[in-house]
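Note: the block below is target26.pdb and it holds PDB, C-alpha atoms, pLDDT in the B column.
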```pdb
ATOM      1  CA  VAL A   1      77.541 169.857 144.182  1.00 84.00           C
ATOM      2  CA  GLY A   2      79.332 171.614 147.030  1.00 85.00           C
ATOM      3  CA  THR A   3      78.238 174.765 148.853  1.00 91.00           C
ATOM      4  CA  GLN A   4      78.793 177.365 146.133  1.00 90.00           C
ATOM      5  CA  PRO A   5      75.356 176.966 144.470  1.00 92.00           C
ATOM      6  CA  LEU A   6      73.695 177.637 147.853  1.00 95.00           C
ATOM      7  CA  GLU A   7      75.452 180.942 148.529  1.00 96.00           C
ATOM      8  CA  ALA A   8      72.545 182.928 147.057  1.00 96.00           C
ATOM      9  CA  LEU A   9      70.035 181.270 149.409  1.00 97.00           C
ATOM     10  CA  LYS A  10      72.349 181.912 152.347  1.00 97.00           C
ATOM     11  CA  ASN A  11      72.637 185.588 151.402  1.00 97.00           C
ATOM     12  CA  ALA A  12      68.863 185.898 151.015  1.00 97.00           C
ATOM     13  CA  LEU A  13      68.311 184.505 154.518  1.00 97.00           C
ATOM     14  CA  VAL A  14      71.003 186.814 155.908  1.00 97.00           C
ATOM     15  CA  THR A  15      69.117 189.819 154.493  1.00 96.00           C
ATOM     16  CA  HIS A  16      66.107 188.628 156.512  1.00 95.00           C
ATOM     17  CA  GLY A  17      68.209 188.882 159.662  1.00 94.00           C
ATOM     18  CA  PHE A  18      69.385 185.307 160.103  1.00 95.00           C
ATOM     19  CA  HIS A  19      72.900 184.116 160.841  1.00 96.00           C
ATOM     20  CA  VAL A  20      73.651 181.232 158.485  1.00 96.00           C
ATOM     21  CA  ASP A  21      76.522 178.742 158.622  1.00 95.00           C
ATOM     22  CA  LEU A  22      76.805 176.954 155.280  1.00 96.00           C
ATOM     23  CA  ILE A  23      78.593 173.587 155.411  1.00 95.00           C
ATOM     24  CA  ASN A  24      79.346 170.838 152.921  1.00 93.00           C
ATOM     25  CA  ILE A  25      78.230 167.224 153.204  1.00 94.00           C
ATOM     26  CA  PHE A  26      80.106 165.078 155.731  1.00 94.00           C
ATOM     27  CA  ASP A  27      80.470 161.443 156.740  1.00 93.00           C
ATOM     28  CA  GLY A  28      77.399 160.994 158.890  1.00 94.00           C
ATOM     29  CA  PHE A  29      78.463 157.466 159.856  1.00 94.00           C
ATOM     30  CA  ASN A  30      81.692 158.702 161.479  1.00 94.00           C
ATOM     31  CA  ARG A  31      80.820 159.320 165.129  1.00 94.00           C
ATOM     32  CA  ASP A  32      83.668 161.778 165.710  1.00 96.00           C
ATOM     33  CA  ILE A  33      82.730 163.883 162.690  1.00 95.00           C
ATOM     34  CA  LEU A  34      79.063 163.766 163.676  1.00 96.00           C
ATOM     35  CA  ASP A  35      79.990 164.931 167.194  1.00 96.00           C
ATOM     36  CA  GLN A  36      82.003 167.836 165.761  1.00 95.00           C
ATOM     37  CA  HIS A  37      79.065 169.000 163.675  1.00 96.00           C
ATOM     38  CA  ALA A  38      76.693 168.539 166.609  1.00 96.00           C
ATOM     39  CA  GLN A  39      78.789 170.956 168.669  1.00 94.00           C
ATOM     40  CA  MET A  40      78.213 173.634 166.049  1.00 93.00           C
ATOM     41  CA  ALA A  41      74.580 172.714 165.340  1.00 95.00           C
ATOM     42  CA  HIS A  42      73.823 172.830 169.068  1.00 94.00           C
ATOM     43  CA  LYS A  43      74.193 176.636 168.884  1.00 94.00           C
ATOM     44  CA  SER A  44      71.638 176.961 166.076  1.00 95.00           C
ATOM     45  CA  ASP A  45      67.854 177.125 166.182  1.00 95.00           C
ATOM     46  CA  VAL A  46      67.258 175.557 162.776  1.00 97.00           C
ATOM     47  CA  ILE A  47      69.056 172.779 160.902  1.00 98.00           C
ATOM     48  CA  MET A  48      68.344 172.703 157.187  1.00 98.00           C
ATOM     49  CA  GLY A  49      69.618 170.731 154.217  1.00 98.00           C
ATOM     50  CA  TRP A  50      69.103 170.240 150.515  1.00 98.00           C
ATOM     51  CA  SER A  51      68.911 166.750 148.953  1.00 97.00           C
ATOM     52  CA  LEU A  52      71.540 164.541 150.650  1.00 97.00           C
ATOM     53  CA  GLY A  53      72.081 167.514 152.953  1.00 97.00           C
ATOM     54  CA  GLY A  54      68.501 167.114 154.123  1.00 98.00           C
ATOM     55  CA  GLN A  55      69.180 163.539 155.199  1.00 98.00           C
ATOM     56  CA  LEU A  56      72.312 164.679 157.012  1.00 98.00           C
ATOM     57  CA  ALA A  57      70.343 167.527 158.612  1.00 98.00           C
ATOM     58  CA  ALA A  58      67.834 164.991 159.961  1.00 98.00           C
ATOM     59  CA  LEU A  59      70.647 162.783 161.252  1.00 97.00           C
ATOM     60  CA  LEU A  60      72.359 165.770 162.844  1.00 97.00           C
ATOM     61  CA  THR A  61      69.140 167.046 164.405  1.00 97.00           C
ATOM     62  CA  GLN A  62      68.571 163.656 166.007  1.00 97.00           C
ATOM     63  CA  HIS A  63      72.168 163.513 167.232  1.00 97.00           C
ATOM     64  CA  VAL A  64      71.889 166.977 168.806  1.00 97.00           C
ATOM     65  CA  TYR A  65      68.743 165.830 170.611  1.00 96.00           C
ATOM     66  CA  GLU A  66      70.433 162.676 171.898  1.00 95.00           C
ATOM     67  CA  LYS A  67      73.625 164.486 172.918  1.00 95.00           C
ATOM     68  CA  PHE A  68      72.250 167.725 174.380  1.00 95.00           C
ATOM     69  CA  GLY A  69      68.512 167.163 174.797  1.00 95.00           C
ATOM     70  CA  ASP A  70      67.776 170.104 172.495  1.00 94.00           C
ATOM     71  CA  VAL A  71      64.930 169.918 169.997  1.00 95.00           C
ATOM     72  CA  LYS A  72      65.779 171.893 166.855  1.00 96.00           C
ATOM     73  CA  THR A  73      63.561 172.865 163.939  1.00 97.00           C
ATOM     74  CA  LEU A  74      64.328 170.734 160.880  1.00 98.00           C
ATOM     75  CA  ILE A  75      63.860 171.910 157.288  1.00 98.00           C
ATOM     76  CA  THR A  76      64.665 169.733 154.279  1.00 98.00           C
ATOM     77  CA  LEU A  77      64.588 170.759 150.629  1.00 98.00           C
ATOM     78  CA  ALA A  78      64.058 168.160 147.867  1.00 97.00           C
ATOM     79  CA  SER A  79      65.320 165.489 150.233  1.00 98.00           C
ATOM     80  CA  ASN A  80      64.242 161.862 150.143  1.00 98.00           C
ATOM     81  CA  PRO A  81      64.916 160.387 153.620  1.00 97.00           C
ATOM     82  CA  CYS A  82      65.648 157.065 151.922  1.00 97.00           C
ATOM     83  CA  PHE A  83      67.125 157.894 148.518  1.00 96.00           C
ATOM     84  CA  VAL A  84      67.489 154.330 147.234  1.00 96.00           C
ATOM     85  CA  GLU A  85      64.328 152.236 147.102  1.00 94.00           C
ATOM     86  CA  GLN A  86      63.994 149.771 149.976  1.00 90.00           C
ATOM     87  CA  GLU A  87      61.376 147.435 151.323  1.00 87.00           C
ATOM     88  CA  GLY A  88      58.809 149.610 153.039  1.00 87.00           C
ATOM     89  CA  TRP A  89      59.882 152.734 151.136  1.00 92.00           C
ATOM     90  CA  ASP A  90      58.858 152.537 147.499  1.00 90.00           C
ATOM     91  CA  VAL A  91      59.608 156.104 146.376  1.00 94.00           C
ATOM     92  CA  GLY A  92      63.384 155.832 146.150  1.00 94.00           C
ATOM     93  CA  MET A  93      65.633 155.366 143.137  1.00 94.00           C
ATOM     94  CA  PRO A  94      65.760 151.705 141.994  1.00 94.00           C
ATOM     95  CA  PHE A  95      68.938 150.047 143.255  1.00 94.00           C
ATOM     96  CA  SER A  96      70.048 149.037 139.742  1.00 94.00           C
ATOM     97  CA  THR A  97      69.759 152.653 138.541  1.00 94.00           C
ATOM     98  CA  PHE A  98      71.736 153.929 141.510  1.00 95.00           C
ATOM     99  CA  LEU A  99      74.419 151.251 141.097  1.00 95.00           C
ATOM    100  CA  ASN A 100      74.863 152.180 137.434  1.00 95.00           C
ATOM    101  CA  PHE A 101      75.217 155.828 138.394  1.00 93.00           C
ATOM    102  CA  GLN A 102      77.751 155.010 141.117  1.00 93.00           C
ATOM    103  CA  GLN A 103      79.831 152.836 138.776  1.00 95.00           C
ATOM    104  CA  SER A 104      79.651 155.486 136.074  1.00 95.00           C
ATOM    105  CA  PHE A 105      81.047 158.077 138.486  1.00 93.00           C
ATOM    106  CA  GLU A 106      84.048 155.888 139.322  1.00 92.00           C
ATOM    107  CA  LYS A 107      84.855 155.433 135.621  1.00 93.00           C
ATOM    108  CA  GLU A 108      83.911 158.835 134.175  1.00 92.00           C
ATOM    109  CA  PRO A 109      83.405 161.343 137.000  1.00 89.00           C
ATOM    110  CA  LEU A 110      83.199 164.492 134.868  1.00 87.00           C
ATOM    111  CA  MET A 111      80.647 163.013 132.468  1.00 89.00           C
ATOM    112  CA  THR A 112      78.619 161.672 135.381  1.00 90.00           C
ATOM    113  CA  ILE A 113      78.648 165.040 137.136  1.00 89.00           C
ATOM    114  CA  LYS A 114      77.303 166.651 133.962  1.00 90.00           C
ATOM    115  CA  ARG A 115      74.531 164.082 133.874  1.00 91.00           C
ATOM    116  CA  PHE A 116      73.800 164.711 137.540  1.00 91.00           C
ATOM    117  CA  CYS A 117      73.582 168.472 136.935  1.00 92.00           C
ATOM    118  CA  TYR A 118      71.123 167.742 134.133  1.00 94.00           C
ATOM    119  CA  LEU A 119      68.918 165.755 136.531  1.00 93.00           C
ATOM    120  CA  VAL A 120      69.142 168.540 139.132  1.00 95.00           C
ATOM    121  CA  THR A 121      67.876 171.126 136.649  1.00 95.00           C
ATOM    122  CA  GLN A 122      65.416 168.952 134.689  1.00 92.00           C
ATOM    123  CA  GLY A 123      61.877 170.240 135.140  1.00 91.00           C
ATOM    124  CA  GLY A 124      62.811 173.894 135.532  1.00 88.00           C
ATOM    125  CA  ILE A 125      61.573 176.638 133.215  1.00 89.00           C
ATOM    126  CA  ASN A 126      65.131 177.460 132.117  1.00 91.00           C
ATOM    127  CA  ALA A 127      66.493 173.921 132.383  1.00 90.00           C
ATOM    128  CA  LYS A 128      69.186 174.162 129.693  1.00 90.00           C
ATOM    129  CA  GLN A 129      70.490 177.504 130.927  1.00 92.00           C
ATOM    130  CA  ASP A 130      70.413 176.302 134.544  1.00 92.00           C
ATOM    131  CA  TRP A 131      72.260 173.111 133.574  1.00 92.00           C
ATOM    132  CA  GLN A 132      75.088 175.022 131.924  1.00 89.00           C
ATOM    133  CA  TRP A 133      75.356 177.460 134.833  1.00 90.00           C
ATOM    134  CA  LEU A 134      75.451 174.712 137.465  1.00 90.00           C
ATOM    135  CA  GLN A 135      78.168 172.750 135.651  1.00 86.00           C
ATOM    136  CA  ASN A 136      80.439 175.780 135.799  1.00 84.00           C
ATOM    137  CA  LEU A 137      80.194 175.864 139.605  1.00 80.00           C
ATOM    138  CA  ILE A 138      81.056 172.230 140.244  1.00 75.00           C
ATOM    139  CA  GLN A 139      84.543 171.491 141.508  1.00 66.00           C
ATOM    140  CA  ALA A 140      85.892 168.279 140.000  1.00 62.00           C
ATOM    141  CA  ASP A 141      88.868 167.910 142.357  1.00 64.00           C
ATOM    142  CA  ASP A 142      87.013 166.451 145.351  1.00 79.00           C
ATOM    143  CA  LYS A 143      86.205 163.035 143.943  1.00 83.00           C
ATOM    144  CA  LYS A 144      86.685 161.353 147.335  1.00 87.00           C
ATOM    145  CA  LEU A 145      83.986 163.508 148.948  1.00 88.00           C
ATOM    146  CA  LYS A 146      81.620 162.915 146.038  1.00 89.00           C
ATOM    147  CA  SER A 147      82.169 159.146 146.276  1.00 91.00           C
ATOM    148  CA  GLN A 148      81.475 159.378 149.991  1.00 92.00           C
ATOM    149  CA  GLY A 149      78.289 161.291 149.200  1.00 93.00           C
ATOM    150  CA  LEU A 150      77.091 158.529 146.893  1.00 94.00           C
ATOM    151  CA  GLU A 151      77.752 155.969 149.613  1.00 95.00           C
ATOM    152  CA  LEU A 152      75.688 158.058 152.037  1.00 96.00           C
ATOM    153  CA  LEU A 153      72.840 158.242 149.525  1.00 95.00           C
ATOM    154  CA  TYR A 154      72.903 154.475 149.290  1.00 95.00           C
ATOM    155  CA  ARG A 155      73.055 153.741 153.016  1.00 95.00           C
ATOM    156  CA  LEU A 156      71.236 156.556 154.807  1.00 96.00           C
ATOM    157  CA  ASN A 157      67.656 155.982 155.888  1.00 96.00           C
ATOM    158  CA  THR A 158      66.216 158.697 158.119  1.00 97.00           C
ATOM    159  CA  VAL A 159      62.538 157.730 157.790  1.00 97.00           C
ATOM    160  CA  ASP A 160      62.299 156.630 161.435  1.00 96.00           C
ATOM    161  CA  ILE A 161      63.955 159.858 162.575  1.00 97.00           C
ATOM    162  CA  LEU A 162      61.256 161.893 160.824  1.00 97.00           C
ATOM    163  CA  LYS A 163      58.502 159.606 162.053  1.00 96.00           C
ATOM    164  CA  ASN A 164      59.537 159.949 165.692  1.00 95.00           C
ATOM    165  CA  PHE A 165      60.873 163.506 165.574  1.00 94.00           C
ATOM    166  CA  LYS A 166      59.874 165.603 168.607  1.00 91.00           C
ATOM    167  CA  GLY A 167      60.217 169.030 167.019  1.00 94.00           C
ATOM    168  CA  LYS A 168      58.818 170.985 164.117  1.00 96.00           C
ATOM    169  CA  GLN A 169      59.781 169.836 160.641  1.00 97.00           C
ATOM    170  CA  LEU A 170      59.150 171.273 157.199  1.00 98.00           C
ATOM    171  CA  HIS A 171      59.846 169.347 153.989  1.00 98.00           C
ATOM    172  CA  ILE A 172      59.580 171.060 150.598  1.00 98.00           C
ATOM    173  CA  PHE A 173      59.541 169.167 147.293  1.00 98.00           C
ATOM    174  CA  ALA A 174      59.496 170.137 143.619  1.00 96.00           C
ATOM    175  CA  GLU A 175      56.643 168.889 141.466  1.00 95.00           C
ATOM    176  CA  ASP A 176      58.893 168.240 138.445  1.00 95.00           C
ATOM    177  CA  ASP A 177      61.940 166.900 140.284  1.00 95.00           C
ATOM    178  CA  GLY A 178      64.141 164.632 138.138  1.00 92.00           C
ATOM    179  CA  LEU A 179      65.798 162.955 141.130  1.00 94.00           C
ATOM    180  CA  VAL A 180      63.194 162.736 143.897  1.00 95.00           C
ATOM    181  CA  SER A 181      59.684 161.596 142.995  1.00 92.00           C
ATOM    182  CA  HIS A 182      56.943 163.976 144.059  1.00 93.00           C
ATOM    183  CA  LYS A 183      55.033 160.896 145.258  1.00 93.00           C
ATOM    184  CA  ILE A 184      57.179 161.119 148.375  1.00 95.00           C
ATOM    185  CA  VAL A 185      54.811 163.823 149.643  1.00 95.00           C
ATOM    186  CA  GLU A 186      52.119 161.239 150.384  1.00 94.00           C
ATOM    187  CA  ASN A 187      54.617 158.869 151.994  1.00 94.00           C
ATOM    188  CA  LEU A 188      55.799 161.558 154.386  1.00 94.00           C
ATOM    189  CA  ARG A 189      52.278 162.583 155.336  1.00 92.00           C
ATOM    190  CA  LYS A 190      51.529 158.972 156.249  1.00 92.00           C
ATOM    191  CA  LEU A 191      54.295 159.105 158.872  1.00 92.00           C
ATOM    192  CA  ASP A 192      51.823 161.136 160.933  1.00 85.00           C
ATOM    193  CA  ALA A 193      54.475 162.935 162.975  1.00 90.00           C
ATOM    194  CA  LYS A 194      52.887 165.617 165.179  1.00 89.00           C
ATOM    195  CA  TYR A 195      54.634 168.708 163.798  1.00 93.00           C
ATOM    196  CA  LEU A 196      55.432 167.482 160.273  1.00 96.00           C
ATOM    197  CA  LYS A 197      54.528 169.826 157.418  1.00 95.00           C
ATOM    198  CA  VAL A 198      55.018 169.107 153.700  1.00 96.00           C
ATOM    199  CA  GLU A 199      54.825 171.662 150.896  1.00 95.00           C
ATOM    200  CA  SER A 200      55.363 171.664 147.133  1.00 95.00           C
ATOM    201  CA  VAL A 201      56.771 174.087 144.599  1.00 95.00           C
ATOM    202  CA  SER A 202      56.806 173.938 140.819  1.00 94.00           C
ATOM    203  CA  GLY A 203      60.196 173.385 139.242  1.00 93.00           C
ATOM    204  CA  SER A 204      63.241 171.166 139.457  1.00 96.00           C
ATOM    205  CA  HIS A 205      65.340 169.466 142.124  1.00 96.00           C
ATOM    206  CA  GLY A 206      67.447 172.618 142.039  1.00 95.00           C
ATOM    207  CA  PHE A 207      64.750 174.955 143.351  1.00 97.00           C
ATOM    208  CA  PRO A 208      66.924 175.947 146.359  1.00 97.00           C
ATOM    209  CA  ILE A 209      69.355 177.360 143.779  1.00 95.00           C
ATOM    210  CA  PHE A 210      66.938 178.838 141.269  1.00 95.00           C
ATOM    211  CA  LYS A 211      63.879 179.929 143.307  1.00 95.00           C
ATOM    212  CA  ILE A 212      65.707 181.946 145.924  1.00 96.00           C
ATOM    213  CA  GLU A 213      63.161 184.701 146.593  1.00 95.00           C
ATOM    214  CA  TRP A 214      60.214 182.305 146.854  1.00 96.00           C
ATOM    215  CA  LEU A 215      62.087 179.853 149.063  1.00 97.00           C
ATOM    216  CA  SER A 216      63.628 182.385 151.439  1.00 97.00           C
ATOM    217  CA  ASP A 217      60.200 184.009 151.929  1.00 96.00           C
ATOM    218  CA  LYS A 218      58.637 180.589 152.540  1.00 96.00           C
ATOM    219  CA  ILE A 219      61.265 179.683 155.150  1.00 97.00           C
ATOM    220  CA  VAL A 220      60.907 183.036 156.927  1.00 96.00           C
ATOM    221  CA  GLN A 221      57.105 182.766 156.997  1.00 95.00           C
ATOM    222  CA  TYR A 222      57.282 179.237 158.385  1.00 96.00           C
ATOM    223  CA  LEU A 223      59.746 180.168 161.128  1.00 95.00           C
ATOM    224  CA  LYS A 224      57.784 183.272 162.141  1.00 91.00           C
ATOM    225  CA  ARG A 225      54.543 181.286 162.382  1.00 89.00           C
ATOM    226  CA  ASN A 226      56.208 178.652 164.496  1.00 83.00           C
ATOM    227  CA  GLU A 227      57.741 181.163 166.882  1.00 73.00           C
ATOM    228  CA  LYS A 228      54.218 181.722 168.174  1.00 57.00           C
ATOM    229  CA  THR A 229      53.331 178.057 168.687  1.00 55.00           C
TER     230      THR A 229
END
```
Just give me the structure of the file as structure tokens.
Amino acid sequence: VGTQPLEALKNALVTHGFHVDLINIFDGFNRDILDQHAQMAHKSDVIMGWSLGGQLAALLTQHVYEKFGDVKTLITLASNPCFVEQEGWDVGMPFSTFLNFQQSFEKEPLMTIKRFCYLVTQGGINAKQDWQWLQNLIQADDKKLKSQGLELLYRLNTVDILKNFKGKQLHIFAEDDGLVSHKIVENLRKLDAKYLKVESVSGSHGFPIFKIEWLSDKIVQYLKRNEKT
């Protein structure tokens, strides 16, 4: 959905004293592009992402570690490390459902985006109002990037990155998420990574857009606690 819906979260974190660089999704399989983002991420203490952005944040965090030897803090929001169901990871979207969605986007992108916005907001207290608001923010002229994003959702699997991650990692999920099953919480805990923490919040997949005060406070509390450990 682009970066615009996340501006409010960025601003909330800035008021807490953080410097925040907000970037769009990118082709994580392109080594040159990944290197470019790693150069910027190398200067940061925390790498965070929402949904597909969370998968890319994990990929980027791992790449920064491999390239520079730096261990960053990773935070993901409503992000399934393996979005499409695979053998060994049973909490993803069924492949047939994803394929239908992908084909629908190629034929009717605007209608599919509206449906996607509905799924993002489903489960929230003000779901209908949130759905209408989110649709108004979506730019329809970057179809190529959106198609690339769907391909990333299909192919990316960062489960092993999380399992073997050396640094601190926080993953937050919504209990009523219409896109990412809350059952993923148990799957992540079974990875048994040393510094892995999982938390839940009531609401929809769009909680990073609609629960700004709660989320920014949660992130700040987590980072302050982990400064001391």
Within 8 Å of (66.2, 169.1, 149.5) (file coordinates; all atoms listed in the file), which protein or nucleic acid residues are there? I'd like them as a PyMOL selection string. chain A and resi 49-54+76-80+171-173+205+208
When you draw a straight line from atom CA of A:Leu170 to atom CA of A:Leu60, how long is it in Å? 15.4 Å
Separating atom CA of A:His37 from atom CA of A:Lys194, to the nearest tenth of an Å, is a gap of 26.4 Å
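In this structure, atom CA of A:Phe165 sits 25.7 Å away from atom CA of A:Leu9.
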Output of the PyMOL selection byres ((chain A and resi 213-228) around 7), listed as a VMD selection string: chain A and resid 9 12 to 13 208 211 to 212 229
I need the residue set behind the PyMOL selection byres ((chain A and resi 174) around 8) for this file; please write it as a ChimeraX atom specification. /A:78,172-173,175-177,182,200-205,207
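The residues returned by the PyMOL selection byres ((chain A and resi 166) around 8) on the shown structure are Val71, Asn164, Phe165, Gly167, Lys168, Lys194 and Tyr195 of chain A.
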Considering all atoms listed in the file, state which residue in the set A:Val159, A:Leu188, A:Leu134, A:Ile75 is at the smallest distance from A:Thr3. A:Leu134
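Proximity to A:Val91 was assessed for A:Leu34, A:Val180, A:Ile209, A:Val198 counting all atoms listed in the file; the smallest distance is recorded for A:Val180.
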Name the residues, using the chain letters and numbers of the file, that sit within 8 Å of (87.2, 159.4, 142.2) when counting all atoms listed in the file, and give them as JSON, numbers by chain. {"A": [105, 106, 109, 142, 143, 144, 146, 147]}
Which of these, A:Leu196, A:Asp90, A:Ala57, A:Lys114, has the shortest distance to A:Phe26 once you count all atoms listed in the file? A:Ala57
Out of A:Ala58, A:Ile25, A:Leu145, A:Leu137, which residue has the shortest atom-to-atom distance to A:Pro81 when counting only C-alpha atoms? A:Ala58
